[in-house]
Structure formats: C-alpha cells, structure tokens
Amino acid sequence: MSQPIIQMKSIEKHFGAVIALAGVSVDIYPGECHCLLGDNGAGKSTFIKTMSGVHKPTKGEILFEGQPMNFAVPRDAMNAGIATVHQHLAMIPLMSVSRNFFMGNEPVKKIAGIPFFDHEYANEVTMAEMRKMGINLRGPDQAVGTLSGGERQTVAIARAVHFGAKVLILDEPTSALGVRQTSNVLATIDKVRKQGIAVVFITHNVRHALAVGDRFTVLNRGSTYGTATRGDVTPEELQDLMAGGQELATLEGSLGGTV
Amino acid sequence: MSQPIIQMKSIEKHFGAVIALAGVSVDIYPGECHCLLGDNGAGKSTFIKTMSGVHKPTKGEILFEGQPMNFAVPRDAMNAGIATVHQHLAMIPLMSVSRNFFMGNEPVKKIAGIPFFDHEYANEVTMAEMRKMGINLRGPDQAVGTLSGGERQTVAIARAVHFGAKVLILDEPTSALGVRQTSNVLATIDKVRKQGIAVVFITHNVRHALAVGDRFTVLNRGSTYGTATRGDVTPEELQDLMAGGQELATLEGSLGGTV
Amino acid sequence: MSTSTPSAAGDERIKERSRLRNALVRPELGGICGTVLVFTFFLLTAADSGMFSPTGFLNWGTVSAQFAIIAVGACLLMIAGEFDLSVGSMIGFAGMSIAILGVTFGLPIWLAIVITFVLCTLIGGLSGYIVVKTGLPSFIVTLAFLFILRGFTIFLPQLIERKTIIGGISDAAEGDWLAPLFGGKVLNGLFVWLGDAGLIETFSRGSRQGQPVVDGVPMLVIWALLLIIFGHILLTRTRFGNWIFAAGGDAEAARNSGVPVDRVKILMFMFTAFCATVFATCQVMEFGSAGADRGLLKEFEAIIAVVIGGALLTGGYGSVIGAALGALIFGVVQQGLFFAGVESSLFRVFLGVILLMAVILNTYIRRLITGEK
Amino acid sequence: MSTSTPSAAGDERIKERSRLRNALVRPELGGICGTVLVFTFFLLTAADSGMFSPTGFLNWGTVSAQFAIIAVGACLLMIAGEFDLSVGSMIGFAGMSIAILGVTFGLPIWLAIVITFVLCTLIGGLSGYIVVKTGLPSFIVTLAFLFILRGFTIFLPQLIERKTIIGGISDAAEGDWLAPLFGGKVLNGLFVWLGDAGLIETFSRGSRQGQPVVDGVPMLVIWALLLIIFGHILLTRTRFGNWIFAAGGDAEAARNSGVPVDRVKILMFMFTAFCATVFATCQVMEFGSAGADRGLLKEFEAIIAVVIGGALLTGGYGSVIGAALGALIFGVVQQGLFFAGVESSLFRVFLGVILLMAVILNTYIRRLITGEK
Amino acid sequence: EGERYVLVSHAPDSDSWWNTIKNGIALAGEQMDVEVEYRNPPTGDLADMARIIEQAAASGPDGIITTLSDYDVLSGPIQAAVDQGIDVIIMNSGTPEQAREVGALMYVGQPEYDAGYAAGLRAAGDGVGSFLCVNHYISSPSSTERCQGFADGLGIDLGDQMIDSGQDPAEIKNRVLAYLNANPDTDAILTLGPTSADPTLLALDENGMAGDIYFGTFDLGEQIVEGIKAGTIQWGIDQQPFLQAYLPVVVLTNYHRYGVLPGNNINSGPGFVTADGLTLVEEFAGEYR
Ligand SMILES: Nc1ncnc2c1ncn2[C@@H]1O[C@H](COP(=O)(O)OP(=O)(O)OP(=O)(O)O)[C@@H](O)[C@H]1O
Ligand SMILES: Nc1ncnc2c1ncn2[C@@H]1O[C@H](COP(=O)(O)OP(=O)(O)OP(=O)(O)O)[C@@H](O)[C@H]1O
Ligand SMILES: [Mg+2]
Ligand SMILES: [Mg+2]
C-alpha cells in the first residue's frame, strides 16, 4: 500500500463532562474502503467529524497527505478534498435539489466582474448526476422535501462524489434505506473506491461492512480495538468486536451467525 | 390459528396529491410476529399509522377483535391495547425518563379527591423496567436527551410492553442500533411474541425479519404483494420482493445472497 | 469497569460531578441567583430610601404581583410550546368589556365580570384553535390578535360612549359581591393591630393620620400567589402537567403517545387569556376606570419574566416558580431604580441587560440538566 | 408503469396536476394575489378620493417604500433563520445619533451619517454575534436590544440636550454632499415638464405657485427600489444567497456542508441594521429632526410585511419580491383606509385580519411548492 | 354646503385625552352640516403623521386642522397643503408664530411651554420649592416642555424631578409612591393628564399625602374633577380641547361660506380650573371638557 492519505494520531475529544474519544489512531489509504464499526455511542460520528473539520480534537494530531492538517471549518476540509455525508442528513428540505446539490460549492459565473450563481450550469449538472444515480427529478427546482429518504441519501452521496473528493466519508448511509437503495449505495461505494478514492464507511450492519470493506476498525466506548484487514477476520469475530466484546442476547434457535 | 386480532381491509390513504396506500389488506394474529417489509416510501409507516389511530384511512375498514374500529386519536388505540413505537422516536428529549415512560398513561393518585400524578410509583416502575432492559439510569429524573439513541429506543419498547399491549407495533426499531442493541431488541420481540402478543415489525433488514418473523407482508409502492408464511419463502425470494421486484445492483463478486 | 452495564452509572466516560452541583442545578436556579443578586444590589444601594420599609415592600410587591399574574399564564403556554403576543391587548380589551357592560349597559358588576371572563377565555381559545388547526406559528396568529383586540378596544367605547376612558366603575361596583374579590384588600385587621402595636409606621399627617401606612394586602397579590400555586401544582404534580411538557417538547411525539396535544394547547391559550383577564379585572376594580391604552407592551413583559425565570422559548422546559421569580426580579428592578434614584429612562437599558444576562445563565443551567447539545 | 425509474416523473402515485397550476405556484403568489385584491378593493371604494391622483400616488408610494426599506432587511434575515425585534428602536437610535452628532456636536452631516451607519451596523453585528455564539433565540436577544437601544435613545438627548426631540438638522445639512442622497428628490425636471404640460396639477397659490404638486421622486423611494433589487439579486442569483437559504433552512446541515453559517447570520443582522439606518437617515433628512419616539413598533410592521409576502417565520423560505409586495399591500391598506374614510381605529382590526388571511394563503402555497407536510 | 374638513393629530390611538377632540369636531360637523374626519398616527410617530397630512391633502379637502407638535417634521407637508390651495388651521400644539410661518389661517390652542410656565409661576406663588413631574409620555416633546416650563416658572432646575412613569396605571401609581418614598420632602406634584393623574390620586390616597401635598395637573378628566372637588388637586389646567376642535371647523366653514375670518389667534387655554364652578365641568368631563 502507498502512503496513507489521512493519519489520525491518538485523537481525543471531550464534550464538557463527556469523553467521547479517548485516544484513537487510524490510518486511511487511498483506494481502500475503510469500515468504522462499533456500538451506539462508541464515538464513530465524533471521530469522523474531527476528520472533516466539524470538531477540533481536544488532543491528538491529524496528518493529511503527510501534512499536519488544521481545518478551522468544514469548508477547509472540503476544499482539501474531504467530502462527508453526515448521519443526520446534510440536505435542506425547503431548498431545491440543485441548490442543495451545490450548497457550499456554488458554481460561479462572472458577469461584469461580479460573481453570480451559475444556475444553468448547476441545474444541468444536477439533472445529469441524478439521472446517473437512477433518480428522475420533476425538475432541478423540485424541493428536497418532496423526495423520499432514500432519494435524499442518494443526492447527498452523488454530491460528495461529484465534487471530486479524495476522501469520501459516509456516516451510516444505509441505516434507513430499503434493500434496493442499500444495494445501490454499496455499489456506488465500490465504484468510488475503484477510482482511487479513500472511502470511510460507518455501519452497524456486519454484512454491509463485509460486502465492501477492505479494512475494519472497531471503536468501543471511545477507544479502538485496532484495525483488521479483510480476510484476517471472520464475520463472527467482527460481530463480536462490534458488540463491544459483550455477550449477545440469544434467540431461541432461529438466529445464528450474523445479525 | 385463532381469530385475527386486527383485520385491515383494502386500506387506502391519500395525502393531497400523493396516494400513499392504494388498497392494502392484512390480517394480524395474536402471538405472531408479522413483518412488514418494503422499499423506502412503500407506505409501511403510513400503514401502521392507520392501525394506531394516527391517520384515518381515506377508504377501507379496520376490524379490531372482530369489531369495526373507529379510533379518533392515538389514545383510543392505546386504550384498546395497540402500542406503537414510531420510526421517528416518540420520546421527548427535554423530559425526564420517568415522565417520558408514562407520557399519555400517567399513573394517578387521588389526594382529597383530586387526581395527582403519582411520581413515586412512576419513578419506581421506570427504574425497575429500565433495569430489566439492562439500562442503569442515574435516576428517574435523568433527561432522555442525555441517553444514547439505542437507550432511547429501548425505553420506548419497554414502555410499550409495560402497558400490556395486545398488539405491539415497531417501526424500524433497529435501523439506528448497534449490533448488541439490535440483538437485544430482537430478543425482546421474541419474548413478547411468546406472551401471546401480536407484534408488527417493520424492517429493511431481511436477516432481522427472518430471525423473528412468523409471517411476512411485502408492500410495494402503496399496494401489497401478499403475505408469505415462514418456511414458504426463501431469503432470496423475500429479498427480491422487498426490492420491489427490481434488479439489485451487483457488486463484483463480494456480495452474494442477502444484504 | 463493569462489563454488563454499559451506560451512565459508573460510566468511565463521564467525568465526576459533585453532589452539591447536582442538587443546585434546577430550572429555577437562574431565577434564584437573579433574585439574590438583585436584592443584594438594592440592599447595598437603596437601603435607606424606604425600599425595604413596609410601604416600600408593598410597593414593589404589588408591581411584581402584577407581572406574576400574567407570567404564570405565559409560562404554562410557553412550556406547552406556544406564546401569546396578544396578552397586552387582551388586558385592555377585558377591562373595557367590564366597563362597557357594567357602566354603559348597566349590568350588575358581577355579571359584567363573569361575561368578560367567558368572552376573553373564548377569544384566547379561538387563537389557540387557529394555531392548532392551521399549524401557523403562534407569533403570527397572536400578533394578528394583538392588533384586532386593540382595534376593538379603541373603537368600541368610542362608538358607544364617545370616550376612550370609561370611569364610574367604583360606584357601579359598590356593594357587589364579586368585585371585592378583585379590587379589595385583605388582612386589614392585622395591619391595624400592627400599627397600633407600633410595629409598622402610622401616617403622621394627612387625612389618614394614625392609620397604619399599609392597611392590607391587595387582592392582586393574593391572586398572584393563588395562580402561582395553582400553576406550579398543575405543572409538576398532575397528569395534565406532564401533557403540557410533552406538547411543548415535541408535539408530534406527544400526539403519537396519546397526549391530546391540541386540547392541551388550546386550554393553555385559554388559561393565558384567563390570567390576562384577572389582571384586567384587578386593575379596573382598583382604579375604577378602563382605558383603551391599558396593557400596552405587557405581552413582552410577561415573556421577559418567564424567560428570566428559566423557561425555554421554544417550549417543553420551564417552571412556574421560575417565572414567578422572574416577575419578582422584574418588579424589584423596575421599582428599585426609582428608589435608588437612577434616571428613569435608563430603566429600559437595565431591563435589556438583565434579560440578556439571565437568559445566558439559564441556557447554561438548562444544558447541564437536559444534556442538550 | 415504468420498471426502472421508481420516482417522480410518471409516478402513478402522484395525482395529475395542471401545468398552469405549477407555473402559478411560486413564493410570491400570495403577495401578488393580495396586491391585486387590495388595489381592486380601493379602486372600487376610493377611486374618487384622490387616492389615485399624482399626490395620492406619491403618498401611499412613499409609505410603502418606507415599509419596503425595512422589509428587505427583515426578509433576508428571516430567510437566514433569525429575526430582529430591535428594528424600530434602531430607527430611533440612528436618527438620534445623526442629530446629536450633527447638531449638538456640530460635526459635518456627512460625517455624522457615516459614523451612524458604522455604529448601527456594528450594533446589528453585535446582536448577531450574541445570537450566533450563545445559540439563544433571536427573539430574546433582539428584544433585549429593543429595550437597550430605546433606553439610550430617550436617555442620551435628555442628558445632553434636555430634550427628547432634536431639530435643526435641515440647517446643518445645508450644502452637504451626502445629505441629498437621503433627503432629496430626483426627476424634478420631468415633473416640472409634466406640470407645464398640464398633465399633473400645479400649486394654485403660495410661494410655489405654478410648480407641479409632485415635484420629484423622493430618494426614499429610490432607496427602496435599490434595496429591493439588491436583495432580490443577492438572494436568488449569488452564492451568498444560497447560503442565506441554507443557513435558515437547517443551520447544522449547512454548517456540515461548508456554509459559513455564523458569518451569514451576522452579516444579515448587520444588513437589517443597515436598512433601519437608511430608513432613519431618510426620515431625519426629510423632516429635519430626530425624536425619541421614532420607529415605535416598526419591527412588527417589517415582520408583518415580510410574512404577508410569503416568507416562513422559521427561516429557509421566502422572497424579497414577496416582501416588497407585502410592504406595498401594507402601505396601500394603511393609507387607503384613510382615503376611504374608514374610522382610523379600525385600521388595526383590518391589519390583523389581513395578516391572518395572508399567512394562511401563503402556508397553503408553500406546502404545494415544498412538499412539506 | 358639504365642505370636508380633516383634523390630524399627533396622538397615538390609545391616548384618551383626544377623545374630547373627536367629540368636539363631530359636534361641529353636525351643527355646521359639514363632513369632518379625524386622523392620527396609530403609534404616535410624528413621521407617520407627516404622511397623514400629505394623504389628507391628496384627498382634496376644503380645509385641514392639524397640530404642529414638531415644526421641523410637519412644516413641509403643511406648507405643501397650503400651497395646493387648502386652508389650514393649527390647533393644540405649536406656537402662533410657527402657524404664521407655515401659512396657516390661524392658531387655536395653548402653547405648552407657556402653559407649564404659567403653572409654575402660580405654584411659586403658593410657596412650592420642589416638585415631581409625572411624565407618562416621555417620548413626546410637548410633555417634556410642560415639565420644563413648570420648572422654569418655579425658577428651579428640572433635574431628576421628572420621571418616566410609563402608561400602566399600577406602575404609575407605584412609581409615584416609590419616588415620594425616596424623596419625602417633595412639595408638589404635576401630572400631565388623566393617564398619570388618576393613578397618582390613588397613590396619594394610599400614602396619606392626599390633600397634604400640592397637586396640579394638565387636562381634565372625570377623576381629576372629583379630585379638585375633594380638594386633593389644587388646580387643573384646562386647555379646553373641545374648543380646539370645534372652533376651527366653525371658523373654516364660515370662512368658506361667507368669507369671514377672525382677525386673531384664539388661545383656548390655559384656564385654571379650581374648586369654584365645577358643575358643568363635572358633567362633561372626558366628553366635552
Ligand atoms: N456535541 C456533543 N456534545 C456532548 N456530547 C456529545 C456530542 N456529540 C456526541 N456526544 C457524545 O459522545 C458520545 C459519542 O457519540 P457519537 O455520536 O460519536 O457516537 P456514534 O458512535 O456515532 O453512535 P451511533 O452509532 O449511535 O451513531 C456519545 O456519548 C454522545 O452522547
Ligand atoms: N403526512 C404526509 N403527507 C404527504 N405525504 C406523505 C405523508 N406521509 C407519508 N407521505 C408519503 O407517502 C408515501 C409513503 O410514506 P411512508 O412513510 O409510509 O413510507 P415507508 O414505507 O415508511 O418508507 P421508509 O422505509 O422510508 O420509512 C411517501 O411517498 C411519503 O412521501
Ligand atoms: Mg453516529
Ligand atoms: Mg417508514
């Protein structure tokens, strides 16, 4: 493997009295799908938020392409090539799909030296990208509020991919999705990874993780159990790790193996 | 099988220009876990909302224990014994756990003929029920906002079970949960079903459905593909149905079988 | 580190917190701190101005009681997730209604009062009904009622009586059985005794020489206390109180859990209107006249008292005791500045600054309690 | 029924909707309907009252322009998810600041104006900063500023000049280069020509005999038009406009997407203060004096105009054109009732009713557009 | 016949004193058989009042009767109306000189500062050395002028003796009480109208200073009249608002019908109303007095 694109070194993050991360180190390589697994409240979302510039770590160092990275705001991370689809959707229901698609990355056309929002370009790109993802909009000015949850999720991913991210972070993108939508998202992840983009994929579903993951990092209560590589770990081991090493409730007979 | 506890007959539900349900019929029997499956936007949530008195069906008839049921408000359904844990949590973050637990079912103690909220009783019951579910609260007056997502979900289910429901409706209770929490919820469903309570369980995860389901109804775009019984249907068939009979995106090699 | 209980108790991820701190941290804490601060301040700066003599006491006590009466209504309504900008106009309207019915139409005062109470609570219910049915923000709906009610309060007496102040209510109320419930004073005997015993001062000149300077507790204060107690018990000790919190915390969730949210909200609008009417009736009975300009800006004062008292503007959180303390702070500051001899137009500046500080403190306390982020 | 495209286009689950209906349904529709209705009404009832004569036109035009100036600021701020109750106090404060600086301290008027603009936008920025940093609702923070600014507006001139009104600004502004930008009139030549041609009336006596009754378009109107155009372009045609929508629609989501939400909100607070200052400066330059009571309740009027114009009180949705139409409706109704000879105390009743109807209509339209539930 | 006159005031809707004006103009309209209208800025904002004068001018009445509470703000619109050929009479506030400057036919009223000054002289004669001015309408310049005039009449500095009492009766009452408590050696109280006088009466009742402290007030109202009768209030300055509204209509109508015009301004006040001769005042207080 080449040089890691992001190195997270002993990241700590405290919120007032809550210690959400107690020193987590992870390296992310280009072209890999790195799965971040763990219990509820393990600190996964917090961890990727320090990566995408939303939170500043309380302690620890982040290197991006070998350079210490000091992102003050999400915008900086974005400009550097880190795109994030957050767990709680980053879409605004009252705004049109095309405005949402370009939110924070508005295309600009200069007229008489003044930069205007290039609506034509934005609309075209949005329609095209949505069509690629299999979503036929009524028009680019359709409000996101009229889309279903799955469709919104897809818009968010399409947006992240479109802006040429070097790192794509997906926080539980499949949790609310139907079977078909899930399968679409997984296929997209696969496609993106093949383009040499690093994907960080958070999920509670072992099978989703195994389907696309190259390496697996399990967080537990703010610290990490270490990273395993595909093939080195069986689904059962992984599932045990994800549950925080605690015993799972057993269902009479019916449910063996992975949940 | 005995007499169905709820019979839904050709239920239709329109929201303005949107036809969310176009005639769905389902029977629910006591002691069974009835899985409701289907794509995003298929109408699952809408369907169970007509069952629990949140929406009035535009057309169609609902029989509860053989009687036509005419629930004007959710309270009526609750009193009749239909408890629902909605997809978007029915918990209020700013309120204490014990107030949330008894919300809408407050225990009352008469002092001088005036009915007062019986806080002592409420606190005791809440602590006990939470302990049963494996959650140790700081105190009954801890705000729900300080609980994790999984813990909140568990409170909601514990509440529904506690109030002696004849029918327990769970709308995607596991979608945001970690492996251990999920396994807890599935075990709870199993336990509840064994007590002769009818469980209606909505999920996007075929494996969760297969783990506890007795019968499976698949909704697609507002209408139903019919109901299958456990053993009559293979996981692959079910998954195909859930995806609305459309082809799934294929992932190179890695992802066979169920998602 | 326990292996079977993952959360809260003994969670290694929660830093230690002292017991004292947990005991102190309650919704009313901001109000309590504010009250202590304000009293300390005035004890230091205005102790010799008569602010803490019996009359001084009665003075800011009455003003605070006035604020408290409307603050209780506004508080419960705010916890239920709505607020009412029409309180001030409602006060004007209610007073005018009593005056027109009692003086112009010559109804017995008790009947005028009863009709007014029914009418005003119905109007409150109507704005609640509109809010609940249309889903519009209460800011807009009650803003409309602010204008509509004030318009009628000015227009009607002008039309009927050719006046905008209607007096003569004291005469009309003479001998009425209901009127003293709002305009009278109680415990007169006690104060006369105190005066005779030399425990409180007596008048040294003027028409009432020899009488005690304070001759009773105004019914206004009694009403305020009653409403505070009622509101507090309703909110914390009854099932309905739980519904109020639930309706304001998340109406959708509450509805799904079987709480009759619409009913709760409409009832709270009616209760707010009821409180405004109590305010208006006490005022009319005390001053013997109703004017078209009564109650101006009272809606803001009620909201300010409630917010100083720690309630959350967006609903679902707050306490009646807090609101009452907010009213007390408001009243003491307002009157205290006079006692302290501060230029009176600076009162507004003080009020704004206190409001800001109180609300920042309260936010901090609330986050500690609810784990809000 | 297509098998590969599950959504929207050709979805059998969406009932048919006509094209016309889709074309009509825009945020401004409510405002457009309202405008048509209001003009029809007054054309029918007050056509012969001089309301549609040149002077009448100028009259309600100026009043509407006044509303529009503050409505543009309030509109953008509301779309960005906040609102400002201190607009009215800011108007009073800005006017007083110009008067004190220019008359009492004798600074050149242009300097007084510039300093006032800087000062007021900074104060607007400060309230924005507090809102953004503390996460408090803007209702509370700006309510505090409402009191603080009004307090200073009454206190300062009393302290300095022992008056609550300061005049003499016209004299001080004589020959100033900046003052005519706010207080002057343009297109004088056109109107003189129109008057000479007999197309509009001329004065029949006095010092201005023979001059046209309308001698130009007040700069106030020009400012209103400029601000409307600026606001509209900013909102719909620029990247910053997208940020305004995003900040108001969901601040958290916008922040995660890299929108500098805090900056956007603070800038919008500053813009609102800027608009209020434009309003105040025009007023002071036109009338030559500043009073402590200027701008009372203007914050409500701005919010009402914006809401009538279809913006969503909770942010993320609205249009500047709509707000401008709202201001027009407001101005025409207010002045039109005078022309129609309606009892003026009923104006408030009308205003309340119009507000309610407009907001219900707008909610309906918005739901059609955004698919909100 | 059928002439139309518009009266524009600077008072907010809710100011009860203006009621007498409305009644006066209505009665004059009835008696002279002319059409009369009353207009005011709802919030009392003088800039809004300027617009109303412009509006009134645009509606082409035969005459406008208006107050001139701020010369700077109102002179422009009034002058424009005059130049359009509309006859204007200034009432209530402003001065005769200002009325002449804007081209009005005449001035009917009571110059506020002068009235306050006269009251101050009278009080000085009665041995007053300190006072409390209860200003319920602090933001209006004419209210402040009354207090200022009174202080100047007494020959003392106004200083902190004017309080911003607000308009809520309970607050006015308690603020007066608070002030008197903190400054017990205050000699006199001056209130500016029924809004502040009524609660002040109650306040004095309550602290026992009624009848003991020197109490003067501007403008009449039912309770003020009773206070004068009871001896609690020494005098009320009656500017006879009825005349301020009634006379201009009569003057204008006769001017338009027969071309006759009084040669002088009319001072409707200040008239000091004292305990003598109160019966008529009592009967019509708040309506025509
Ligand atoms: N802004 C915040 N302020 C205070 N505490 C926070 C904040 N954000 C997260 N936490 C706390 O930090 C811990 C980790 O939260 P986080 O959201 O990272 O978990 P997660 O692994 O993403 O869980 P889930 O699988 O449920 O999404 C939790 O205890 C949470 O309550
Ligand atoms: N209150 C409502 N008003 C208008 N449309 C609605 C409303 N509720 C649901 N819908 C629409 O009805 C359809 C069915 O929605 P529903 O929430 O029942 O789907 P679901 O099967 O629960 O989907 P998911 O798996 O994403 O939860 C969707 O198109 C949705 O947009
Ligand atoms: Mg998470
Ligand atoms: Mg659903």
# chains A, B, ... in the order shown; residues from 1 in each chain; ligands from 1

call {"tool": "residues_near_ligand", "arguments": {"ligand": "ligand 1", "cutoff": "8 Å", "atoms": "only C-alpha atoms and all ligand atoms", "output": "ChimeraX atom specification"}}
result
/A:14-16,18-21,38-47,87,171-172,203-204,219,221-222 /B:146-150,176-178 /C:13,371-373

call {"tool": "residues_around", "arguments": {"residues": "D:Val306", "least_positions_apart": "5", "cutoff": "7 Å", "atoms": "only C-alpha atoms", "output": "list of chain:residue names"}}
result
D:Ala71, D:Ala74, D:Cys75, D:Ala311, D:Ala323, D:Gly326

call {"tool": "write_last_selection", "arguments": {"atoms": "N, CA and C atoms", "output": "tab-separated table (two decimals), in the first residue's frame"}}
result
chain	number	residue	atom	x	y	z
D	71	ALA	N	-38.43	46.13	5.27
D	71	ALA	CA	-38.87	44.76	4.99
D	71	ALA	C	-37.78	43.97	4.28
D	74	ALA	N	-35.45	42.76	6.92
D	74	ALA	CA	-36.10	41.76	7.75
D	74	ALA	C	-36.32	40.47	6.97
D	75	CYS	N	-36.59	40.61	5.68
D	75	CYS	CA	-36.85	39.43	4.84
D	75	CYS	C	-35.60	38.56	4.74
D	311	ALA	N	-42.79	34.82	3.29
D	311	ALA	CA	-41.62	34.19	3.92
D	311	ALA	C	-42.06	33.35	5.11
D	323	ALA	N	-41.71	40.16	-0.15
D	323	ALA	CA	-41.67	41.11	0.96
D	323	ALA	C	-42.00	42.51	0.47
D	326	GLY	N	-45.54	42.70	0.03
D	326	GLY	CA	-46.14	42.80	1.36
D	326	GLY	C	-46.11	44.24	1.85

call {"tool": "interface_residues", "arguments": {"of": "chain C", "to": "chain E", "cutoff": "7 Å", "atoms": "only C-alpha atoms", "output": "JSON, numbers by chain"}}
result
{"C": [49, 50, 56, 59, 63, 154, 162, 163, 164, 165, 203, 206, 207, 208, 213, 287, 292, 293, 294, 295, 335, 338, 339, 343, 344, 345]}

call {"tool": "interface_residues", "arguments": {"of": "chain A", "to": "chain D", "cutoff": "10 Å", "atoms": "only C-alpha atoms", "output": "VMD selection string"}}
result
chain A and resid 49 52 to 54 73 to 79 83 to 86 88 to 96 99 to 109 114 to 119 131 134 to 139 141 to 148 151 160

call {"tool": "select_by_dssp", "arguments": {"residues": "stretch 115-283 of chain E", "states": "strand (DSSP E or B)", "output": "list in words"}}
result
Phe131, Leu132, Cys133, Val134, Asn135, Met162, Ile163, Asp164, Ala188, Ile189, Leu190, Thr191, Tyr214, Phe215, Gly216, Thr217, Phe218, Trp235, Gly236, Ile237, Asp238, Ile266, Asn267, Gly271, Phe272 and Val273 of chain E

call {"tool": "atom_distance", "arguments": {"atom1": "atom CA of D:Val217", "atom2": "atom CA of E:Ala50"}}
result
16.6 Å
